[in-house]
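> Below is the file target_8.txt, with compact mmCIF, C-alpha atoms and all ligand atoms.
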# COMPACT_ATOMS: atom_id res chain seq x y z
CA MET A 28 -38.85 10.66 -16.68
CA LEU A 29 -40.92 7.77 -18.09
CA GLU A 30 -44.61 7.93 -17.33
CA TYR A 31 -46.36 4.68 -16.47
CA ALA A 32 -50.08 4.04 -16.36
CA ALA A 33 -51.46 3.17 -12.94
CA MET A 34 -52.38 -0.37 -12.04
CA ARG A 35 -55.76 -0.36 -10.32
CA PHE A 36 -56.97 -2.62 -7.50
CA ASP A 37 -60.57 -2.77 -6.27
CA ILE A 38 -60.74 -4.58 -2.94
CA PHE A 39 -64.06 -5.86 -1.59
CA THR A 40 -63.98 -6.38 2.16
CA LEU A 41 -66.01 -6.16 5.37
CA PHE A 42 -63.04 -4.50 7.07
CA PRO A 43 -61.63 -1.67 4.95
CA GLY A 44 -60.02 -0.19 8.08
CA MET A 45 -57.54 -3.09 8.20
CA PHE A 46 -55.77 -1.77 5.10
CA ALA A 47 -54.76 1.59 6.53
CA GLY A 48 -51.13 1.55 7.51
CA VAL A 49 -50.11 -1.10 5.02
CA PHE A 50 -51.16 0.99 2.02
CA ASP A 51 -50.43 4.36 3.68
CA ASP A 52 -46.73 3.91 4.37
CA SER A 53 -43.42 3.26 2.70
CA ILE A 54 -43.17 1.97 -0.87
CA LEU A 55 -46.88 1.31 -1.44
CA GLN A 56 -47.75 4.82 -0.30
CA ARG A 57 -45.08 6.22 -2.63
CA ALA A 58 -46.38 4.14 -5.53
CA ARG A 59 -49.87 5.51 -4.91
CA ALA A 60 -48.63 9.09 -4.55
CA SER A 61 -46.72 8.82 -7.82
CA GLY A 62 -49.82 7.55 -9.63
CA ARG A 63 -48.31 4.12 -10.31
CA LEU A 64 -50.78 2.29 -8.09
CA GLU A 65 -54.45 2.98 -7.44
CA ILE A 66 -56.30 1.19 -4.65
CA PHE A 67 -60.04 1.46 -4.06
CA LEU A 68 -61.50 -0.17 -0.95
CA HIS A 69 -65.17 -1.15 -1.07
CA ASP A 70 -67.04 -1.95 2.13
CA ILE A 71 -69.33 -4.89 1.37
CA ARG A 72 -71.54 -3.85 4.31
CA ALA A 73 -72.45 -0.66 2.44
CA PHE A 74 -74.22 -2.87 -0.12
CA THR A 75 -76.69 -4.39 2.35
CA HIS A 76 -80.25 -3.08 2.25
CA ASP A 77 -81.67 -4.27 5.57
CA LYS A 78 -81.83 -2.27 8.78
CA HIS A 79 -79.08 -4.23 10.53
CA HIS A 80 -76.73 -4.43 7.55
CA VAL A 81 -76.42 -8.18 7.81
CA THR A 82 -73.61 -9.70 5.71
CA ASP A 83 -73.50 -13.24 7.13
CA GLU A 84 -75.89 -15.93 8.21
CA ALA A 85 -75.85 -19.46 9.62
CA ALA A 86 -74.93 -22.17 7.12
CA TYR A 87 -77.70 -24.33 5.73
CA GLY A 88 -77.19 -27.82 7.12
CA GLY A 89 -75.53 -26.48 10.27
CA GLY A 90 -72.08 -25.14 11.01
CA GLY A 91 -70.79 -21.60 11.34
CA MET A 92 -71.54 -18.31 9.66
CA VAL A 93 -71.35 -17.83 5.91
CA MET A 94 -71.07 -14.58 3.94
CA LYS A 95 -74.35 -13.90 2.15
CA PRO A 96 -74.30 -13.64 -1.64
CA GLU A 97 -76.52 -10.56 -2.17
CA PRO A 98 -74.24 -7.80 -0.78
CA ILE A 99 -71.24 -9.26 -2.60
CA PHE A 100 -73.06 -9.45 -5.95
CA ASP A 101 -74.43 -5.96 -5.42
CA ALA A 102 -70.99 -4.53 -4.53
CA VAL A 103 -69.23 -6.19 -7.48
CA GLU A 104 -71.91 -5.29 -10.04
CA THR A 105 -72.24 -1.71 -8.78
CA ILE A 106 -68.50 -1.01 -8.73
CA LEU A 107 -67.27 -3.12 -11.63
CA GLY A 108 -70.37 -3.34 -13.80
CA LYS A 109 -73.13 -5.83 -14.51
CA ASN A 110 -71.49 -7.30 -17.59
CA ALA A 111 -68.95 -9.93 -16.53
CA ALA A 112 -67.05 -9.63 -19.82
CA ASP A 113 -66.30 -5.96 -19.14
CA ARG A 114 -65.07 -6.51 -15.59
CA PRO A 115 -61.43 -6.90 -14.51
CA PRO A 116 -60.49 -10.38 -13.18
CA LEU A 117 -61.98 -10.94 -9.73
CA ILE A 118 -59.74 -12.97 -7.42
CA LEU A 119 -61.14 -14.61 -4.30
CA LEU A 120 -58.68 -14.91 -1.42
CA THR A 121 -59.28 -18.32 0.13
CA PRO A 122 -57.21 -21.17 1.60
CA GLN A 123 -58.75 -23.30 -1.18
CA GLY A 124 -57.07 -21.29 -3.95
CA ARG A 125 -53.90 -22.01 -5.92
CA VAL A 126 -50.86 -21.18 -3.79
CA PHE A 127 -49.40 -17.73 -4.48
CA ASN A 128 -45.79 -17.36 -5.60
CA THR A 129 -43.49 -14.96 -7.43
CA ASN A 130 -44.50 -16.20 -10.90
CA ILE A 131 -48.17 -15.54 -10.17
CA ALA A 132 -47.26 -12.07 -8.84
CA ARG A 133 -45.24 -11.25 -11.96
CA THR A 134 -48.03 -12.45 -14.26
CA LEU A 135 -50.74 -10.53 -12.41
CA ALA A 136 -48.61 -7.38 -12.57
CA GLN A 137 -49.27 -7.38 -16.35
CA GLN A 138 -52.96 -6.66 -15.75
CA PRO A 139 -54.10 -3.03 -15.82
CA GLN A 140 -56.77 -3.76 -13.22
CA LEU A 141 -57.56 -6.48 -10.68
CA ALA A 142 -60.37 -6.93 -8.18
CA LEU A 143 -59.86 -8.80 -4.91
CA LEU A 144 -62.61 -10.34 -2.80
CA CYS A 145 -61.77 -10.98 0.84
CA GLY A 146 -63.62 -13.90 2.41
CA ARG A 147 -64.51 -13.95 6.11
CA TYR A 148 -66.17 -16.24 8.65
CA GLU A 149 -66.39 -19.90 7.68
CA GLY A 150 -66.55 -18.98 4.04
CA ILE A 151 -68.71 -17.43 1.40
CA ASP A 152 -71.92 -18.71 -0.11
CA GLU A 153 -70.87 -21.06 -2.91
CA ARG A 154 -72.93 -19.12 -5.47
CA VAL A 155 -70.51 -16.17 -5.19
CA ARG A 156 -68.04 -18.31 -7.12
CA VAL A 157 -69.86 -17.54 -10.38
CA LEU A 158 -68.50 -13.98 -10.05
CA VAL A 159 -64.95 -15.13 -9.41
CA ASN A 160 -62.27 -15.66 -12.08
CA ASP A 161 -59.44 -16.95 -9.90
CA GLU A 162 -58.87 -18.17 -6.35
CA ILE A 163 -55.61 -17.64 -4.51
CA SER A 164 -54.26 -18.84 -1.17
CA ILE A 165 -51.12 -17.36 0.37
CA GLY A 166 -50.14 -20.62 2.05
CA ASP A 167 -51.35 -23.77 3.73
CA TYR A 168 -52.70 -22.21 6.91
CA VAL A 169 -55.99 -20.52 7.70
CA LEU A 170 -56.19 -16.84 8.57
CA THR A 171 -59.18 -15.02 10.04
CA GLY A 172 -60.01 -13.60 6.62
CA GLY A 173 -58.78 -12.67 3.17
CA GLU A 174 -57.71 -9.13 4.09
CA ILE A 175 -54.10 -9.92 5.00
CA PRO A 176 -53.77 -12.17 1.91
CA ALA A 177 -55.12 -9.30 -0.22
CA MET A 178 -52.43 -7.01 1.23
CA VAL A 179 -49.82 -9.66 0.46
CA LEU A 180 -50.96 -9.84 -3.18
CA VAL A 181 -50.98 -6.07 -3.66
CA ASP A 182 -47.51 -5.75 -2.15
CA ALA A 183 -45.94 -8.59 -4.11
CA ILE A 184 -47.58 -7.49 -7.39
CA ALA A 185 -46.75 -3.80 -6.91
CA ARG A 186 -43.04 -4.63 -6.63
CA PHE A 187 -43.14 -5.82 -10.24
CA LEU A 188 -44.64 -2.57 -11.57
CA PRO A 189 -41.93 -0.55 -13.31
CA GLY A 190 -40.90 2.44 -11.20
CA VAL A 191 -42.23 1.11 -7.87
CA VAL A 192 -38.99 -0.19 -6.36
CA GLY A 193 -35.97 2.03 -7.00
CA ASP A 194 -33.86 -0.36 -9.08
CA ALA A 195 -36.02 -1.64 -11.95
CA ASP A 196 -34.07 -4.88 -11.96
CA ALA A 197 -34.30 -5.54 -8.22
CA PRO A 198 -37.57 -7.53 -8.14
CA HIS A 199 -36.13 -9.85 -10.76
CA GLN A 200 -32.98 -10.53 -8.68
CA ASP A 201 -34.69 -11.22 -5.36
CA SER A 202 -35.00 -14.47 -3.53
CA HIS A 203 -37.34 -16.71 -5.55
CA ALA A 204 -37.41 -14.44 -8.62
CA THR A 205 -34.28 -16.17 -9.92
CA GLY A 206 -35.51 -19.54 -8.67
CA LEU A 207 -32.86 -19.38 -5.91
CA LEU A 208 -32.63 -17.69 -2.52
CA GLU A 209 -30.71 -14.43 -2.58
CA HIS A 210 -27.05 -14.08 -1.53
CA PRO A 211 -26.12 -12.38 1.80
CA HIS A 212 -25.81 -8.58 1.97
CA TYR A 213 -23.37 -6.40 3.91
CA THR A 214 -23.04 -2.68 4.52
CA ARG A 215 -20.91 -0.48 6.80
CA PRO A 216 -19.25 -0.90 9.27
CA LEU A 217 -16.51 -3.08 7.83
CA GLU A 218 -16.16 -4.83 11.16
CA PHE A 219 -19.03 -5.24 13.64
CA ARG A 220 -18.62 -7.08 16.95
CA GLY A 221 -15.74 -9.05 15.56
CA MET A 222 -17.58 -9.99 12.35
CA ARG A 223 -15.90 -8.78 9.18
CA VAL A 224 -17.39 -8.20 5.76
CA PRO A 225 -16.05 -10.88 3.33
CA GLU A 226 -12.86 -9.55 1.67
CA ILE A 227 -14.06 -10.36 -1.83
CA LEU A 228 -16.78 -7.70 -1.58
CA LEU A 229 -14.10 -5.05 -1.04
CA SER A 230 -12.00 -6.19 -3.99
CA GLY A 231 -13.73 -4.01 -6.58
CA HIS A 232 -13.48 -6.99 -8.92
CA HIS A 233 -16.97 -7.11 -10.36
CA ALA A 234 -16.79 -10.58 -11.90
CA HIS A 235 -15.39 -12.11 -8.69
CA VAL A 236 -18.09 -10.42 -6.62
CA GLU A 237 -20.77 -11.76 -8.97
CA ARG A 238 -19.38 -15.31 -8.80
CA TRP A 239 -19.21 -15.12 -4.98
CA ARG A 240 -22.82 -13.90 -4.86
CA ARG A 241 -23.98 -16.63 -7.18
CA ASN A 242 -22.18 -19.28 -5.12
CA GLU A 243 -23.58 -17.97 -1.84
CA SER A 244 -27.03 -17.91 -3.40
CA LEU A 245 -26.57 -21.54 -4.46
CA ARG A 246 -25.23 -22.46 -1.00
CA ARG A 247 -28.19 -20.87 0.80
CA THR A 248 -30.68 -22.52 -1.50
CA PHE A 249 -28.98 -25.91 -1.12
CA GLU A 250 -28.94 -25.57 2.69
CA ARG A 251 -32.41 -24.13 3.20
CA ARG A 252 -34.58 -24.92 0.19
CA PRO A 253 -32.98 -27.74 -1.81
CA ASP A 254 -36.41 -28.34 -3.38
CA LEU A 255 -35.96 -25.11 -5.37
CA LEU A 256 -32.84 -26.44 -7.13
CA ALA A 257 -34.93 -28.88 -9.16
CA HIS A 258 -36.50 -25.97 -11.11
CA ALA A 259 -33.66 -23.41 -11.06
CA GLN A 260 -31.67 -22.52 -14.16
CA LEU A 261 -28.21 -23.88 -13.35
CA SER A 262 -25.02 -23.54 -15.40
CA GLU A 263 -22.30 -26.21 -15.39
CA THR A 264 -20.27 -23.94 -13.07
CA ASP A 265 -23.26 -23.75 -10.71
CA LYS A 266 -23.68 -27.51 -10.75
CA ASN A 267 -19.99 -28.11 -10.05
CA PHE A 268 -20.14 -25.76 -7.08
CA LEU A 269 -23.26 -27.49 -5.76
CA ARG A 270 -21.66 -30.92 -6.16
CA GLU A 271 -18.77 -29.72 -3.97
CA LEU A 272 -21.40 -29.01 -1.31
CA GLY A 273 -22.75 -32.54 -1.58
CA TRP A 274 -25.65 -31.93 -3.96
CA SER A 275 -26.57 -34.62 -6.44
CA GLU A 276 -28.82 -33.97 -9.40
CA MET A 277 -32.10 -35.90 -9.39
N1 LIG A 301 -58.30 -16.71 4.00
C1 LIG A 301 -58.05 -17.42 5.11
N2 LIG A 301 -56.86 -18.04 5.02
C2 LIG A 301 -56.35 -17.72 3.80
C3 LIG A 301 -55.15 -18.06 3.12
N3 LIG A 301 -54.22 -18.86 3.65
N4 LIG A 301 -54.96 -17.56 1.89
C4 LIG A 301 -55.90 -16.77 1.32
N5 LIG A 301 -57.03 -16.42 1.91
C5 LIG A 301 -57.27 -16.89 3.15
Would you mind writing the file out in structure tokens?

Amino acid sequence: MLEYAAMRFDIFTLFPGMFAGVFDDSILQRARASGRLEIFLHDIRAFTHDKHHVTDEAAYGGGGMVMKPEPIFDAVETILGKNAADRPPLILLTPQGRVFNTNIARTLAQQPQLALLCGRYEGIDERVRVLVNDEISIGDYVLTGGEIPAMVLVDAIARFLPGVVGDADAPHQDSHATGLLEHPHYTRPLEFRGMRVPEILLSGHHAHVERWRRNESLRRTFERRPDLLAHAQLSETDKNFLRELGWSEM
């Protein structure tokens, strides 16, 4: 059995309770139990020093509530250290960040340690950005806070850690990882409500199965996400199949 070092996440949030369930079940729980993944939740409110534990205040100039800088600085410097050069990369989850995708997940999975800062309310005080090394959005919509995006990052990154998903190759074959959407899957029963599993999958002919899967992957991508084809690695055989479907290279 190969032993892998753990990847460590430190998550700074006002709502640590939101993470229970997501990190305590299924594959992420198993990754934590096996020592492959370490997650530390830090409640920003615990780093306030006033009687009412205030973490947000009205924006200067008017508008909504803004997360105050002091508790965030205090939390980050207490947990990760005062010296920025010695700290792991701190990623702010914000709709203003670069848009997350599988390449970013794979790259971040190379890091031994990452820290995530979950924004809330209308935003964070701009001065917090001096602590931040990277800003990531999970898509062009606005959520109530950065907690769900932080969960999305941990999940997508953890899948790239060796030993987390059963088949080491699986994350690299998934939809998007190859630059294409994945082919359809079938399991028993052979016939279900009149729908039969494609004969080719029963043939035992590995090369034919692989070609069918590749073609179905190309077909799906062409039908649903033709934009992805512009950046996918396509062989001449792939291109000929796509042309039969009506695709024309840009
Ligand atoms: N916080 C609020 N919306 C977000 C988004 N789409 N991505 C990351 N953080 C967010």
> Around ligand LIG 301 (chain A), out to 12 Å and counting all atoms listed in the file, which residues are there? I want them as number ranges by chain.
A: 40, 118-128, 143-151, 161-180
> At a cut-off of 9 Å, using only C-alpha atoms, what residues contact Ala185 (chain A)? Leave out same-chain residues fewer than 3 positions from it and give the result as a list in words.
Met34, Leu55, Ala58, Arg63, Leu64, Ala132, Ala136, Leu180, Val181, Asp182, Leu188, Pro189, Val191 and Val192 of chain A
> Around (-23.6, -23.5, -0.6) in the file's own coordinates, what residues are found within 10 Å if you use all atoms listed in the file, given back as a compact mmCIF listing (two decimals) with C-alpha atoms, keeping the file's coordinate frame?

# COMPACT_ATOMS: atom_id res chain seq x y z
CA ARG A 241 -23.98 -16.63 -7.18
CA ASN A 242 -22.18 -19.28 -5.12
CA GLU A 243 -23.58 -17.97 -1.84
CA SER A 244 -27.03 -17.91 -3.40
CA LEU A 245 -26.57 -21.54 -4.46
CA ARG A 246 -25.23 -22.46 -1.00
CA ARG A 247 -28.19 -20.87 0.80
CA THR A 248 -30.68 -22.52 -1.50
CA PHE A 249 -28.98 -25.91 -1.12
CA GLU A 250 -28.94 -25.57 2.69
CA ARG A 251 -32.41 -24.13 3.20
CA PHE A 268 -20.14 -25.76 -7.08
CA LEU A 269 -23.26 -27.49 -5.76
CA ARG A 270 -21.66 -30.92 -6.16
CA GLU A 271 -18.77 -29.72 -3.97
CA LEU A 272 -21.40 -29.01 -1.31
CA GLY A 273 -22.75 -32.54 -1.58
CA TRP A 274 -25.65 -31.93 -3.96
> Suppose you want the space between CA of Ile66 (chain A) and CA of Asp37 (chain A); what is it in Å?
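If I compute the distance from CA of Ile66 (chain A) to CA of Asp37 (chain A), I get 6.0 Å.
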> As number ranges by chain, please: the residues near Gln260 (chain A) (cut-off 12 Å, all atoms listed in the file, same-chain neighbours under 4 positions excluded).
A: 203-207, 241, 245, 255-256, 264-266
> Please report the interatomic distance between CA of Gly88 (chain A) and CA of Val155 (chain A) in Å with one decimal.
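Interatomic distance here is 18.2 Å.
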> Please tell me which residues are no farther than 6 Å from (-40.1, -5.6, -11.3) in the file, counting all atoms listed in the file, and write them as a count of residues only.
7
> Skip Lys95 (chain A) itself and residues of its chain fewer than 4 positions away, then list as a count of residues only all residues within 9 Å of it, counting all atoms listed in the file.
8
> At what distance in Å, to one decimal, does CA of Arg154 (chain A) lie from CA of His79 (chain A)?
22.7 Å
> Enclose all atoms of region 29-35 of chain A listed in the file in an axis-aligned box, grow every side by 8 Å, and hand back centre and edge lengths in Å to one decimal, as lines of an AutoDock Vina configuration file.

center_x = -48.3
center_y = 3.8
center_z = -14.2
size_x = 30.8
size_y = 24.3
size_z = 23.8
> So which one's closest to Glu237 (chain A), A:Leu217, A:Pro225, A:Asp201, A:His210? Using all atoms listed in the file, please.
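Under the stated criterion, the closest residue is A:His210.
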> Find the spatial neighbours of Thr214 (chain A), counting all atoms listed in the file, within a cut-off of 12 Å - ignore same-chain residues fewer than 3 positions away - and output them as a PDB file with C-alpha atoms, keeping the file's coordinate frame.

ATOM      1  CA  PRO A 211     -26.120 -12.380   1.800  1.00  0.00           C
ATOM      2  CA  LEU A 217     -16.510  -3.080   7.830  1.00  0.00           C
ATOM      3  CA  GLU A 218     -16.160  -4.830  11.160  1.00  0.00           C
ATOM      4  CA  PHE A 219     -19.030  -5.240  13.640  1.00  0.00           C
ATOM      5  CA  ARG A 223     -15.900  -8.780   9.180  1.00  0.00           C
ATOM      6  CA  VAL A 224     -17.390  -8.200   5.760  1.00  0.00           C
ATOM      7  CA  PRO A 225     -16.050 -10.880   3.330  1.00  0.00           C
ATOM      8  CA  LEU A 228     -16.780  -7.700  -1.580  1.00  0.00           C
ATOM      9  CA  LEU A 229     -14.100  -5.050  -1.040  1.00  0.00           C
TER      10      LEU A 229
END
> Which residue gives the smallest distance to Leu41 (chain A) among A:Val236, A:Ala85, A:Ala183, A:Met94, with all atoms listed in the file counted?
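Comparing A:Val236, A:Ala85, A:Ala183, A:Met94 against Leu41 (chain A), the winner is A:Met94.
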> Give me, as CSV, each residue of region 152-205 of chain A that comes within 10 Å of region 104-113 of chain A, together with its shortest interatomic pair and the distance in Å at one decimal, counting only C-alpha atoms, with rows ordered by chain and rising residue number.

residue,atom,partner,partner_atom,distance
A:Val157,CA,A:Ala111,CA,9.8
A:Leu158,CA,A:Ala111,CA,7.7
A:Val159,CA,A:Ala111,CA,9.7
A:Asn160,CA,A:Ala111,CA,9.9
